[in-house]
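Asks: The structure is given below, and queries will be raised subsequently.
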Amino acid sequence: MKITTPQTATACAMIALGFTTFATSAQAQEISCGATYTIQSGDSLSQIAADVYGSAGDFQIIYSANSAAIGSNPGIIRVGTELQIPCLGGDVAESTADASAITAVETTDSLPAPEIDVIRVVAGGNWAPFLNEDQEQGGMITEIVNVALANAAGTPDYRIDFINDWGAHLTPLVSDHRYDFSLAWFRPNCEIVDRLSDDSKFRCNNLMWSETLFEQVFGYYTRTGEATPADYSDMFGKTICRPAGYSTFMIEEHDLVEPNVTLVRAEKPQECFVGLAEGRYDVVALATDTAEGIISSEGLTESITYNEGLSQVLTLHAVTSNTNPNAEANLTALDDSLRQMKSTGEWFNIVRRHLSEFRAANQS
């Protein structure tokens with residue numbers, strides 16, 4: 001995907017690129033949460049977030065509230081677009097999810113046989129604020145699916161199990177139809193399946209995907225003071241750190257693979273950012289909501305810069321096996337309810353509550 005350069009954007013005069021180094025015109029117009037803001041030349045989502053919330057890293061919630069208006073690249077925002085600026089914290093609608101539908105399974109051994117008339121959902125844990133058995137309602141994604149299934153046409157019976165072995169979710173639990181859905185997986189660009197890893201190829205060839213549950217902003221971090229890549233190819237020859245166990249389809253899509261780059265799989269995301277600051281790596285590739293918390297906790301705010309111009313949006317979904325005889329019926333029930341939640345605002349109420357609580361916890 002070719003990204004518009006700052007020079008092209010200036011020439012067009014209709015697009016405000018989201019680079020944080022640009023001077024913002026936001027001060028010419030008062031910005032406050034709970035109100036509408038019209039994008040002006042020079043604005044960026046991160047600068048707007050910094051003005052409203054005091055933290056540039058909080059632009060994810062602005063994007064979540066306005067993804068349809070902004071489009072698939074939050075690093076490029078169009079002059080004249082009206083954004084709804086949500087308030088963080090404050091009065092947020094309480095959860096309507098039935099927590100009794102969620103259980104924790106200690107192991108994947110000796111699972112009961114599938115129940116024919118029950119939609120069974122398996123979720124992984126330890127991924128706050130999205131999926132976390134120790135979090136309220138099991139995290140944001142769990143609550144969204146819980147509410148969607150509770151309100152689905154025909155009021156189907158369902159259950160959500162947290163199973164601690166992520167590696168078993170797609171195979172064998174979903175592929176053998178012991179579970180109808182697994183939460184939650186990023187959808188690769190299956191139009192370029194031949195360029196993807198075996199893991200991504202499996203997803204493309206064997207799974208069916210729900211309506212988008214959440215759109216996560218993903219991007220690239222470099223050292224402050226060094227040249228910022230204007231295009232993905234500018235990272236060729238660089239050492240990119242991506243934590244072990246994390247998907248790589250989003251960088252494969254832009255040919256950021258061996259031998260074009262040296263890819264390092266650090267054990268933890270924190271190691272990537274410390275290594276970047278110390279000069280051992282040139283780039284860290286990570287979702288912004290995860291990255292911003294780590295950068296802050298490691299005291300690296302002044303040392304590391306986010307390249308907003310090369311932002312990508314990754315979509316999270318519930319997945320089911322394409323050989324599951326109930327796949328289409330289950331997807332229709334879930335998707336119709338999800339679309340209804342989005343149209344009424346219930347989806348964003350859940351998103352805002354979880355993102356606000358996660359933000360507050362990381363800032364405490």
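Residue numbering restarts at 1 in every chain; chains get A, B, ... in the order shown in the structure tokens, and ligands count up from 1 in that same order.
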Please list as a list in words every residue within 9 Å of Cys204 of chain A, counting only C-alpha atoms and excluding residues in the same chain fewer than 5 positions away.

Replies: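 Answer for this query is Arg187, Pro188, Asn189, Cys190, Val193 and Asp199 of chain A.
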
Asks: Let's have the selection written as a tab-separated table (two decimals), in the first residue's frame, with N, CA and C atoms.

Replies:
chain	number	residue	atom	x	y	z
A	187	ARG	N	-7.31	-10.22	11.04
A	187	ARG	CA	-7.55	-10.76	9.70
A	187	ARG	C	-6.44	-10.32	8.76
A	188	PRO	N	-5.69	-11.28	8.20
A	188	PRO	CA	-4.63	-10.91	7.23
A	188	PRO	C	-5.24	-10.44	5.92
A	189	ASN	N	-4.41	-9.86	5.09
A	189	ASN	CA	-4.82	-9.48	3.74
A	189	ASN	C	-4.72	-10.73	2.86
A	190	CYS	N	-5.82	-11.45	2.76
A	190	CYS	CA	-5.80	-12.74	2.06
A	190	CYS	C	-5.72	-12.59	0.54
A	193	VAL	N	-2.17	-13.84	-0.30
A	193	VAL	CA	-1.90	-14.99	0.54
A	193	VAL	C	-0.56	-15.65	0.24
A	199	ASP	N	1.21	-19.46	9.08
A	199	ASP	CA	0.16	-19.18	10.05
A	199	ASP	C	-0.94	-18.34	9.42

Asks: Show me, as a list of chain:residue names, the residues that have an atom within 10 Å of Leu263 of chain A when counting only C-alpha atoms, minus same-chain residues fewer than 6 positions from it.

Replies: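 Here the qualifying residues turn out to be A:Lys238, A:Thr239, A:Ile240, A:Cys241, A:Arg242, A:Pro243, A:Leu256, A:Val257, A:Tyr281, A:Val283, A:Val284.
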
Asks: Go ahead and save the picked residues with C-alpha atoms, as an mmCIF file, in the first residue's frame.

Replies:
data_model
loop_
_atom_site.group_PDB
_atom_site.id
_atom_site.type_symbol
_atom_site.label_atom_id
_atom_site.label_comp_id
_atom_site.auth_asym_id
_atom_site.auth_seq_id
_atom_site.Cartn_x
_atom_site.Cartn_y
_atom_site.Cartn_z
ATOM 1 C CA LYS A 238 16.910 -1.878 8.938
ATOM 2 C CA THR A 239 16.584 -4.125 11.993
ATOM 3 C CA ILE A 240 12.930 -4.396 13.015
ATOM 4 C CA CYS A 241 11.864 -5.768 16.396
ATOM 5 C CA ARG A 242 8.524 -7.566 16.632
ATOM 6 C CA PRO A 243 7.801 -9.559 19.823
ATOM 7 C CA LEU A 256 9.279 -6.042 5.543
ATOM 8 C CA VAL A 257 10.683 -9.572 5.629
ATOM 9 C CA TYR A 281 17.179 -2.068 16.789
ATOM 10 C CA VAL A 283 12.354 0.081 14.304
ATOM 11 C CA VAL A 284 9.720 -1.450 16.584
#

Asks: When DSSP works through the backbone of this structure, what residues of segment 10-190 of chain A end up as strand (DSSP E), shown as a ChimeraX atom specification?

Replies: /A:15-17,35-38,76-78,82-85,102-105,118-123,157-163,181-186

Asks: Please save C-alpha atoms of the selected residues as a CSV table (one decimal), in the first residue's frame.

Replies:
chain,number,residue,atom,x,y,z
A,15,ILE,CA,-5.4,16.1,3.4
A,16,ALA,CA,-3.9,16.8,6.8
A,17,LEU,CA,-1.2,14.2,7.4
A,35,ALA,CA,-18.2,18.0,21.1
A,36,THR,CA,-17.5,18.0,17.4
A,37,TYR,CA,-14.2,19.1,15.9
A,38,THR,CA,-13.6,19.9,12.2
A,76,ILE,CA,-4.0,10.6,6.9
A,77,ILE,CA,-7.0,12.7,7.9
A,78,ARG,CA,-8.9,14.9,5.5
A,82,GLU,CA,-16.0,16.4,11.4
A,83,LEU,CA,-14.8,14.3,14.3
A,84,GLN,CA,-16.8,13.4,17.5
A,85,ILE,CA,-14.4,13.8,20.4
A,102,ILE,CA,-18.1,-16.8,31.1
A,103,THR,CA,-16.1,-19.6,32.6
A,104,ALA,CA,-12.4,-20.3,33.0
A,105,VAL,CA,-11.0,-23.6,31.9
A,118,VAL,CA,-25.2,-24.2,22.2
A,119,ILE,CA,-22.9,-21.7,20.5
A,120,ARG,CA,-19.5,-22.3,22.2
A,121,VAL,CA,-16.9,-19.5,22.2
A,122,VAL,CA,-13.3,-19.9,23.3
A,123,ALA,CA,-11.3,-16.9,24.4
A,157,ASP,CA,-27.9,-20.5,24.1
A,158,TYR,CA,-24.2,-19.8,24.3
A,159,ARG,CA,-21.2,-20.0,26.6
A,160,ILE,CA,-17.8,-18.4,26.6
A,161,ASP,CA,-14.8,-20.3,28.0
A,162,PHE,CA,-11.4,-18.9,28.7
A,163,ILE,CA,-8.8,-21.5,27.9
A,181,PHE,CA,-15.9,-19.3,17.6
A,182,SER,CA,-12.5,-18.3,18.9
A,183,LEU,CA,-11.8,-14.8,20.1
A,184,ALA,CA,-10.1,-12.7,18.8
A,185,TRP,CA,-8.0,-12.8,15.7
A,186,PHE,CA,-6.5,-10.3,13.3

Asks: Can you pull out every residue within 8 Å of segment 331-335 of chain A, counting only C-alpha atoms, but drop anything in the same chain fewer than 3 positions away, and send it as a ChimeraX atom specification?

Replies: /A:145,148-149,152-153,209-211,327-328,338-339

Asks: At a cut-off of 12 Å, can you tabulate as JSON lines every residue of segment 239-329 of chain A near segment 135-142 of chain A together with its closest atom pair and the distance in Å to one decimal, using only C-alpha atoms and ordering rows by chain then number?

Replies:
{"residue": "A:Thr315", "atom": "CA", "partner": "A:Ile141", "partner_atom": "CA", "distance": 12.0}
{"residue": "A:Leu316", "atom": "CA", "partner": "A:Ile141", "partner_atom": "CA", "distance": 8.8}
{"residue": "A:His317", "atom": "CA", "partner": "A:Ile141", "partner_atom": "CA", "distance": 9.0}
{"residue": "A:Ala318", "atom": "CA", "partner": "A:Ile141", "partner_atom": "CA", "distance": 9.2}
